[in-house]
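Enquirer: Before we start, here is the structure in question, set down as structure tokens.
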Amino acid sequence: MAKKKDPSITFLNKFGYNVVKLPRVGIEPMDIIGKDDTTQWLGPLHSVWTSTIPEPTPSAPHSAVAVNGQKSDALDISLGIKVLANALAAFGASMPSLDMAYHQARKVQFAFTNVTSTVVAPFEAGNYLASGTLKTDNPVVKHYFVEPEAEAYLIVDVLKSDSITVTATDERGAEVSVDVPAIQGVVGAKVAVKPSSAANSTITYTGTQPVTFGFVVQEIQRENDVWKLKGVQPSGDTAFGVRAQPSADGADGSVILSSSCRLRV
């Protein structure tokens, strides 16, 4: 029997994008994703690549009409609260506990709004690769770019948003109210909380800056001493989680979702 995919990491696939499990600032086009037993963000390509031409400059953010406002599948409340807490942490909240505020809900649906896309054209990325040299003495590079059991992917498009809308429902899909004052009390001043309906069943959360929550990749391949890029079908297998940047007081803002995430050298 085929394994059922987690809708929290596949809801963007129908729009051609993969999901960032823990949305955050700093995931950009021309970054590298490594995949072996796990999938993880490795960093910008230019840190391990020397090219005779400049690195392509990503486009200015433009509206991602196909994705903006599109709702996810209804998620069970236990999973939905975790997804919401991760998004709010990316917006600046301190991993709030929202169980009590959503105690009447059994399912939630998500929709990212104010969504933009930032792109590097694959042709330009290909020119950069064709004119470059990889630092294969780096053990991480050697594993993901050279060893056959691992793969390296180049991010060419990212989705960003500073706002997420959440609708709470019961088991039958009827909307239910949530405790807005309780939510405002735990998310803090960095995240604006705005009910979108008189019943307080739909809430829009807005942060101070856009975070990356979706991406498109191309696989980097080496064939006959030539670097190639190959399109990759979006799937839950390519979703990844990555630590948030440490805060000013040195505290880590989040945790990697997969405890098995490791670097083999």
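Note on naming: chains are A, B, ... as they come in the structure tokens, residues start from 1 per chain, ligands start from 1 in the order shown.
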Report the closest atom pair, with its distance in Å rounded to one decimal, for each residue of stretch 15-78 of chain A that has an atom no farther than 12 Å from stretch 90-105 of chain A; count only C-alpha atoms, sort by chain and then rising residue number, and write it as a Markdown table.

Expert:
```
| residue | atom | partner | partner_atom | distance |
| --- | --- | --- | --- | --- |
| A:Val20 | CA | A:Ala90 | CA | 11.3 |
| A:Lys21 | CA | A:Ala90 | CA | 10.9 |
| A:Leu22 | CA | A:Ala90 | CA | 7.5 |
| A:Pro23 | CA | A:Ala90 | CA | 5.9 |
| A:Arg24 | CA | A:Ala90 | CA | 5.1 |
| A:Val25 | CA | A:Ala90 | CA | 7.5 |
| A:Gly26 | CA | A:Ala90 | CA | 11.0 |
| A:Ala74 | CA | A:Ala105 | CA | 11.3 |
| A:Leu75 | CA | A:Ala105 | CA | 10.7 |
| A:Asp76 | CA | A:Ala105 | CA | 9.0 |
| A:Ile77 | CA | A:Ala105 | CA | 6.7 |
| A:Ser78 | CA | A:Asp99 | CA | 8.4 |
```

Enquirer: Name all residues at most 12 Å from A:Val108 (count only C-alpha atoms; drop same-chain ones fewer than 6 positions away) and give them as a ChimeraX atom specification.

Expert: /A:7-8,71-84,102,165-178,201-203

Enquirer: Residues of stretch 3-92 of chain A that approach stretch 216-235 of chain A to 12 Å or less, counting only C-alpha atoms: could you list each one with the shortest pair of atoms and its distance in Å to one decimal, rows by chain and increasing residue number, as CSV?

Expert:
```
residue,atom,partner,partner_atom,distance
A:Lys5,CA,A:Ser235,CA,9.1
A:Asp6,CA,A:Ser235,CA,10.4
A:Pro7,CA,A:Ser235,CA,10.6
A:Ser8,CA,A:Ser235,CA,11.4
A:Ile9,CA,A:Ser235,CA,8.0
A:Thr10,CA,A:Ser235,CA,6.2
A:Phe11,CA,A:Ser235,CA,9.3
A:Leu12,CA,A:Pro234,CA,8.3
A:Asn13,CA,A:Pro234,CA,5.3
A:Lys14,CA,A:Pro234,CA,8.2
A:Phe15,CA,A:Pro234,CA,8.9
A:Gly16,CA,A:Pro234,CA,6.0
A:Tyr17,CA,A:Val216,CA,5.3
A:Asn18,CA,A:Pro234,CA,5.3
A:Val19,CA,A:Ser235,CA,8.4
A:Val20,CA,A:Val216,CA,10.6
A:Ile27,CA,A:Val216,CA,11.5
A:Glu28,CA,A:Val216,CA,10.5
A:Pro29,CA,A:Val216,CA,8.8
A:Met30,CA,A:Val217,CA,9.4
A:Asp31,CA,A:Val217,CA,9.4
A:Ile32,CA,A:Val217,CA,8.8
A:Ile33,CA,A:Val217,CA,8.3
A:Gly34,CA,A:Glu219,CA,9.8
A:Lys35,CA,A:Glu219,CA,10.3
A:Thr39,CA,A:Ser235,CA,11.8
A:Trp41,CA,A:Val217,CA,11.8
A:Leu45,CA,A:Ile220,CA,11.0
```

Enquirer: Identify, on the basis of only C-alpha atoms, every residue whose closest approach to A:Ile164 does not exceed 10 Å; exclude the query and any residue fewer than 5 positions from it along the same chain; express the result as a ChimeraX atom specification.

Expert: /A:69,84,87-88,91,110-115,203-207

Enquirer: Mind dumping the selected residues with C-alpha atoms as a PDB file, in the first residue's frame?

Expert:
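Result saved to selection-v1.pdb:
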```pdb
ATOM      1  CA  GLY A  69      -4.664  32.949  -1.213  1.00  0.00           C
ATOM      2  CA  LEU A  84       0.793  27.483  12.487  1.00  0.00           C
ATOM      3  CA  ALA A  87       4.834  29.993  10.623  1.00  0.00           C
ATOM      4  CA  LEU A  88       4.280  32.404  13.509  1.00  0.00           C
ATOM      5  CA  PHE A  91       7.091  35.925  11.621  1.00  0.00           C
ATOM      6  CA  PHE A 110      -4.153  27.598   5.704  1.00  0.00           C
ATOM      7  CA  ALA A 111      -3.706  30.177   2.968  1.00  0.00           C
ATOM      8  CA  PHE A 112      -0.587  32.292   2.469  1.00  0.00           C
ATOM      9  CA  THR A 113      -1.388  35.815   1.284  1.00  0.00           C
ATOM     10  CA  ASN A 114       0.737  38.692  -0.072  1.00  0.00           C
ATOM     11  CA  VAL A 115       2.709  35.951  -1.852  1.00  0.00           C
ATOM     12  CA  ILE A 203      -7.735  34.810  11.448  1.00  0.00           C
ATOM     13  CA  THR A 204      -5.018  36.534   9.424  1.00  0.00           C
ATOM     14  CA  TYR A 205      -1.553  36.680  11.008  1.00  0.00           C
ATOM     15  CA  THR A 206       0.931  39.190   9.571  1.00  0.00           C
ATOM     16  CA  GLY A 207       4.632  39.451  10.370  1.00  0.00           C
TER      17      GLY A 207
END
```

Enquirer: Going by DSSP on the backbone, which residues of stretch 101-155 of chain A come out as strand (DSSP E)? List them as a list in words.

Expert: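 Answer for stretch 101-155 of chain A, restricted to strand (DSSP E): Lys107, Val108, Gln109, Phe110, Ala111, Phe112, Thr113, Thr116, Ser117, Thr118, Val119, Gly132, Thr133, Leu134, Glu151, Ala152, Tyr153, Leu154 and Ile155 of chain A.
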
Enquirer: Could you produce a table of the residues of stretch 19-117 of chain A lying within 9 Å of stretch 135-147 of chain A, with the nearest pair of atoms per residue and their separation in Å rounded to one decimal, using only C-alpha atoms, ordered by chain and increasing residue number, as JSON lines?

Expert:
```
{"residue": "A:Gly34", "atom": "CA", "partner": "A:Tyr144", "partner_atom": "CA", "distance": 6.0}
{"residue": "A:Lys35", "atom": "CA", "partner": "A:Tyr144", "partner_atom": "CA", "distance": 7.3}
{"residue": "A:Asp36", "atom": "CA", "partner": "A:Tyr144", "partner_atom": "CA", "distance": 7.9}
{"residue": "A:Leu42", "atom": "CA", "partner": "A:Val140", "partner_atom": "CA", "distance": 8.7}
{"residue": "A:Ser47", "atom": "CA", "partner": "A:Lys135", "partner_atom": "CA", "distance": 8.9}
{"residue": "A:Val48", "atom": "CA", "partner": "A:Lys135", "partner_atom": "CA", "distance": 5.3}
{"residue": "A:Trp49", "atom": "CA", "partner": "A:Lys135", "partner_atom": "CA", "distance": 6.2}
{"residue": "A:Thr50", "atom": "CA", "partner": "A:Lys135", "partner_atom": "CA", "distance": 7.8}
```

Enquirer: Separation of atom CA of A:Pro56 and atom CA of A:Thr238, in Å?

Expert: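 So the answer is 23.5 Å.
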
Enquirer: Using only C-alpha atoms, which of A:Val156, A:Ala198, A:Ala182, A:Val211 sits nearest A:Thr118?

Expert: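 Closest candidate: A:Val156.
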
Enquirer: Give me every alpha helix (DSSP H) residue in stretch 53-224 of chain A, going by DSSP on the backbone, as number ranges by chain.

Expert: A: 77-91, 122-130, 139-141, 180-187

Enquirer: Interatomic distance between atom CA of A:Ser59 and atom CA of A:Val120?

Expert: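 Between atom CA of A:Ser59 and atom CA of A:Val120 the gap works out to 6.4 Å.
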
Enquirer: Interatomic distance between atom CA of A:Lys160 and atom CA of A:Pro210?

Expert: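 If I compute the distance from atom CA of A:Lys160 to atom CA of A:Pro210, I get 5.5 Å.
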
Enquirer: Contacts of A:Ile53 at 10 Å or less, counting only C-alpha atoms, minus same-chain residues fewer than 3 places along, as a count of residues only?

Expert: 8

Enquirer: Counting only C-alpha atoms, which of A:Thr212, A:Glu55, A:Ser163, A:Ala150 gets nearest to A:Val191?

Expert: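 Checking each candidate against A:Val191, we get A:Ser163 as the closest.
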